[in-house]
Amino acid sequence: MRKYFVLTCFFFVTFLSFAQLSSTSGKTYTTFSGVDYVFIFNGINSATSITFAGSATDLKWYKYGNNSTPIATGVNSLDQPEDATGYILEDATGKRISFWVIDYQRYLATISSFELENNPTIQCDNLKLLINANVPQLLYKTEFGQIKIIPRYFTVKYQSQEWKDAWTKVDKTETIQLPATELTVIAPLCNTTFTLSGDQYAEALGVTPTSLVSSMYSAVSVKCHIKSILTTRNIPNEGETPSEKTQVNGSSPLDILFSSNANEPTAEYYSWSIYQGNKLLFSTRSEKDLRYTFIESGDYKVKLEASNAYCKDSGSIDVKVTTSALQVPNVFTPNGDGKNDEFRVAYQSLASFQCWIFNRWGRKVFSWSEPQKGWDGTIGGKKAAEGPYFYIIKAVGTDGQKFTRKGDINLLR
């Protein structure tokens with residue numbers, strides 16, 4: 001068994017070194033099973049030849065099935081080979097090469113019709129292309145008579161759109177093995193035409209490919225990509241300022257513009273809904289984009305459905321308005337160094353706010369009603385004296401929580 005294996009490997013290597021056929025006027029393929037070469041020519045004439053470039057001597061050329069009578073001897077080329085014919089090349093030691101010859105001009109495809117299935121109600125996800133074509137079979141035979149089919153692949157080209165922070169037109173290509181009668185593609189997201197052309201051997205040989213263009217397809221598929229644009233606030237003493245990660249998050253009031261980003265003009269109608277838990281808070285059916293201000297603390301879901309007469313798509317974004325909070329410092333230093341120069345509270349999600357400042361004798365020296373503001377340590381435009389002051393704060397959170405804070409604040413310079 002071991003000796004047989006060694007002999008087999010030796011024969012395989014020497015056989016490959018012997019296999020050196022080529023042609024300047026056709027395409028050479030060595031990937032088909034059961035035969036060493038397949039030559040495909042764009043027409044066969046007196047100038048067509050297949051050449052052996054190896055060093056073997058006493059070459060003999062045979063047709064399949066006739067191993068006793070060579071059709072040529074002692075020459076390195078076979079001139080004007082015949083279509084749909086198999087050949088054997090043999091040297092003096094008995095080594096052999098098998099190859100098959102095809103004249104492509106005898107197998108040109110004809111596409112008589114290329115149409116789009118006209119049924120918009122079922123074209124939201126996929127679109128079916130209907131093809132009527134006459135595509136002669138390409139085949140070859142092995143030396144032992146086995147028939148092998150050579151697949152013929154045709155290309156379908158069209159346009160669609162892709163979303164990458166904006167809609168962008170993209171070229172699409174699909175492959176179909178004719179003579180199949182239909183091809184299903186993902187429904188395009190824009191109006192387009194489809195071009196069917198091929199096959200791959202026409203392209204390789206420089207033959208003008210069979211080609212047919214469909215009538216204009218009017219897209220019906222709808223896709224939306226809901227996106228939130230926050231109204232930002234830069235308030236140092238406000239906690240949980242708006243941010244966007246896996247959800248929209250921030251302190252009330254949370255003002256957000258929601259954009260639908262649907263593939264217009266295919267998308268025609270827009271339905272927005274805002275839920276808090278299972279409770280519907282708001283809905284509208286007239287706006288492509290929606291601006292909404294969230295006041296009350298809680299978890300929300302904003303839903304969009306974009307549609308036309310046939311298709312629809314939906315998306316959603318989670319919104320979290322943080323619970324209310326209020327913290328009061330016990331010292332501030334209004335010395336103009338840009339650090340802690342005002343008495344300000346730290347807060348989030350407050351619906352109302354009021355703060356009063358009193359001196360040690362109980363006289364009111366300052367008050368304000370906007371939590372993002374504060375006291376700069378002056379009284380009537382003049383610097384207040386250092387020392388303790390007394391504050392009273394009353395506030396209500398957007399979640400209904402009430403805050404009452406009383407205490408001392410030390411003014412230090």
# chains A, B, ... in the order shown; residues from 1 in each chain; ligands from 1
$ residues_around --residues "Tyr87 (chain A)" --least-positions-apart "3" --cutoff "6 Å" --atoms "only C-alpha atoms" --output "list in words"
Tyr62, Lys63, Tyr64, Ser98 and Phe99 of chain A
$ residues_around --residues "region 205-215 of chain A" --least-positions-apart "6" --cutoff "8 Å" --atoms "only C-alpha atoms" --output "PyMOL selection string"
chain A and resi 26-27+41-42+109-111+113-116+193-199
$ closest_residue --among "A:Trp163, A:Trp368, A:Tyr275, A:Phe52" --to "Asp79 (chain A)" --atoms "only C-alpha atoms"
A:Phe52
$ residues_around --residues "Pro188 (chain A)" --least-positions-apart "4" --cutoff "7 Å" --atoms "only C-alpha atoms" --output "list in words"
Gln159, Ser160, Ala219 and Ser221 of chain A
$ write_last_selection --atoms "N, CA, C and O atoms" --output "PDB file, in the first residue's frame"
ATOM      1  N   GLN A 159     -29.783  50.575  -8.447  1.00  0.00           N
ATOM      2  CA  GLN A 159     -29.409  51.470  -7.349  1.00  0.00           C
ATOM      3  C   GLN A 159     -30.369  51.323  -6.178  1.00  0.00           C
ATOM      4  O   GLN A 159     -31.539  50.994  -6.351  1.00  0.00           O
ATOM      5  N   SER A 160     -29.828  51.572  -4.988  1.00  0.00           N
ATOM      6  CA  SER A 160     -30.659  51.661  -3.793  1.00  0.00           C
ATOM      7  C   SER A 160     -30.070  52.760  -2.913  1.00  0.00           C
ATOM      8  O   SER A 160     -29.261  53.571  -3.390  1.00  0.00           O
ATOM      9  N   ALA A 219     -40.056  52.923  -6.300  1.00  0.00           N
ATOM     10  CA  ALA A 219     -39.861  52.258  -5.013  1.00  0.00           C
ATOM     11  C   ALA A 219     -41.072  52.432  -4.109  1.00  0.00           C
ATOM     12  O   ALA A 219     -41.719  53.483  -4.091  1.00  0.00           O
ATOM     13  N   SER A 221     -40.795  50.466  -0.854  1.00  0.00           N
ATOM     14  CA  SER A 221     -40.275  50.065   0.451  1.00  0.00           C
ATOM     15  C   SER A 221     -39.925  51.297   1.289  1.00  0.00           C
ATOM     16  O   SER A 221     -39.388  52.281   0.767  1.00  0.00           O
TER      17      SER A 221
END
$ residues_around --residues "region 262-265 of chain A" --least-positions-apart "4" --cutoff "12 Å" --atoms "only C-alpha atoms" --output "ChimeraX atom specification"
/A:160-163,165-169,188-191,218-227,269-270,288-289,304-308,311-315
$ write_last_selection --atoms "N, CA and C atoms" --output "compact mmCIF listing (two decimals), in the first residue's frame"
# COMPACT_ATOMS: atom_id res chain seq x y z
N SER A 160 -29.83 51.57 -4.99
CA SER A 160 -30.66 51.66 -3.79
C SER A 160 -30.07 52.76 -2.91
N GLN A 161 -30.49 52.81 -1.66
CA GLN A 161 -29.95 53.78 -0.72
C GLN A 161 -29.50 53.07 0.55
N GLU A 162 -28.49 53.65 1.20
CA GLU A 162 -28.03 53.15 2.50
C GLU A 162 -27.97 54.32 3.46
N TRP A 163 -28.24 54.02 4.75
CA TRP A 163 -28.23 55.05 5.77
C TRP A 163 -26.94 54.98 6.57
N ASP A 165 -25.80 57.96 8.78
CA ASP A 165 -26.01 59.32 9.26
C ASP A 165 -26.63 60.22 8.20
N ALA A 166 -26.79 59.71 7.00
CA ALA A 166 -27.50 60.39 5.92
C ALA A 166 -27.77 59.35 4.84
N TRP A 167 -28.76 59.60 4.00
CA TRP A 167 -29.06 58.67 2.91
C TRP A 167 -28.07 58.87 1.79
N THR A 168 -27.52 57.76 1.30
CA THR A 168 -26.54 57.79 0.22
C THR A 168 -26.94 56.78 -0.85
N LYS A 169 -26.93 57.21 -2.11
CA LYS A 169 -27.20 56.28 -3.22
C LYS A 169 -26.04 55.30 -3.35
N PRO A 188 -35.45 47.87 -3.47
CA PRO A 188 -34.68 49.12 -3.46
C PRO A 188 -35.41 50.22 -2.69
N LEU A 189 -34.63 51.13 -2.13
CA LEU A 189 -35.20 52.23 -1.34
C LEU A 189 -35.24 53.54 -2.13
N CYS A 190 -35.11 53.44 -3.45
CA CYS A 190 -35.25 54.61 -4.31
C CYS A 190 -35.68 54.13 -5.69
N ASN A 191 -36.19 55.04 -6.49
CA ASN A 191 -36.56 54.69 -7.86
C ASN A 191 -35.30 54.33 -8.65
N SER A 218 -40.65 52.20 -9.49
CA SER A 218 -41.02 53.19 -8.48
C SER A 218 -41.00 52.52 -7.12
N ALA A 219 -40.06 52.92 -6.30
CA ALA A 219 -39.86 52.26 -5.01
C ALA A 219 -41.07 52.43 -4.11
N VAL A 220 -41.38 51.37 -3.35
CA VAL A 220 -42.46 51.43 -2.36
C VAL A 220 -41.95 51.09 -0.96
N SER A 221 -40.80 50.47 -0.85
CA SER A 221 -40.27 50.06 0.45
C SER A 221 -39.93 51.30 1.29
N VAL A 222 -40.23 51.23 2.59
CA VAL A 222 -40.02 52.35 3.49
C VAL A 222 -39.05 51.94 4.60
N LYS A 223 -38.08 52.79 4.87
CA LYS A 223 -37.18 52.61 6.00
C LYS A 223 -37.00 53.95 6.70
N CYS A 224 -37.01 53.92 8.03
CA CYS A 224 -36.78 55.15 8.79
C CYS A 224 -35.67 54.91 9.81
N HIS A 225 -35.02 55.98 10.18
CA HIS A 225 -33.92 55.92 11.16
C HIS A 225 -34.11 57.09 12.13
N ILE A 226 -34.96 56.89 13.10
CA ILE A 226 -35.30 57.94 14.05
C ILE A 226 -34.06 58.38 14.82
N LYS A 227 -33.89 59.69 14.92
CA LYS A 227 -32.72 60.24 15.58
C LYS A 227 -33.14 61.43 16.43
N TYR A 269 -46.27 59.25 4.99
CA TYR A 269 -47.03 59.53 6.20
C TYR A 269 -46.17 59.22 7.43
N TYR A 270 -46.38 60.01 8.49
CA TYR A 270 -45.59 59.86 9.71
C TYR A 270 -46.52 59.87 10.92
N LYS A 288 -43.33 65.30 9.78
CA LYS A 288 -42.18 64.46 9.43
C LYS A 288 -41.20 64.38 10.59
N ASP A 289 -40.98 65.51 11.26
CA ASP A 289 -40.12 65.58 12.44
C ASP A 289 -40.95 66.11 13.61
N LEU A 304 -42.14 55.96 16.25
CA LEU A 304 -42.45 56.51 14.92
C LEU A 304 -42.84 55.37 13.99
N GLU A 305 -43.87 55.62 13.20
CA GLU A 305 -44.20 54.72 12.09
C GLU A 305 -44.26 55.57 10.82
N ALA A 306 -43.37 55.27 9.87
CA ALA A 306 -43.37 55.92 8.57
C ALA A 306 -43.98 54.97 7.56
N SER A 307 -44.78 55.48 6.63
CA SER A 307 -45.52 54.58 5.74
C SER A 307 -45.89 55.27 4.44
N ASN A 308 -46.40 54.45 3.52
CA ASN A 308 -47.09 54.94 2.33
C ASN A 308 -48.30 54.04 2.12
N CYS A 311 -46.41 50.14 2.24
CA CYS A 311 -45.37 49.64 3.16
C CYS A 311 -45.22 50.58 4.35
N LYS A 312 -44.58 50.06 5.39
CA LYS A 312 -44.32 50.86 6.57
C LYS A 312 -43.07 50.37 7.27
N ASP A 313 -42.50 51.23 8.10
CA ASP A 313 -41.37 50.87 8.94
C ASP A 313 -41.50 51.66 10.23
N SER A 314 -40.88 51.18 11.28
CA SER A 314 -41.03 51.84 12.58
C SER A 314 -39.69 51.90 13.31
N GLY A 315 -39.63 52.78 14.28
CA GLY A 315 -38.45 52.91 15.12
C GLY A 315 -38.85 53.55 16.43
$ select_by_dssp --residues "region 191-361 of chain A" --states "helix (DSSP H, G or I)" --output "list in words"
Gln200, Tyr201, Ala202, Glu203, Ala204 and Leu205 of chain A
$ residues_around --residues "region 144-151 of chain A" --least-positions-apart "3" --cutoff "9 Å" --atoms "only C-alpha atoms" --output "list in words"
Phe32, Ser33, Gly34, Tyr64, Gly65, Gln137, Leu138, Leu139, Tyr140, Lys141, Gln177 and Leu178 of chain A
$ select_by_dssp --residues "region 262-296 of chain A" --states "strand (DSSP E)" --output "ChimeraX atom specification"
/A:269-276,279-284,289-294
$ residues_around --residues "Asn76 (chain A)" --least-positions-apart "6" --cutoff "8 Å" --atoms "only C-alpha atoms" --output "number ranges by chain"
A: 51-53, 59
$ residues_around --residues "region 391-398 of chain A" --least-positions-apart "2" --cutoff "8 Å" --atoms "only C-alpha atoms" --output "number ranges by chain"
A: 252, 295-297, 323-325, 349-358, 389, 400-409
$ atom_distance --atom1 "CA of Leu127 (chain A)" --atom2 "CA of Ser271 (chain A)"
25.9 Å
$ closest_residue --among "A:Leu257, A:Ala385, A:Val328, A:Ile44" --to "Ile229 (chain A)" --atoms "only C-alpha atoms"
A:Leu257
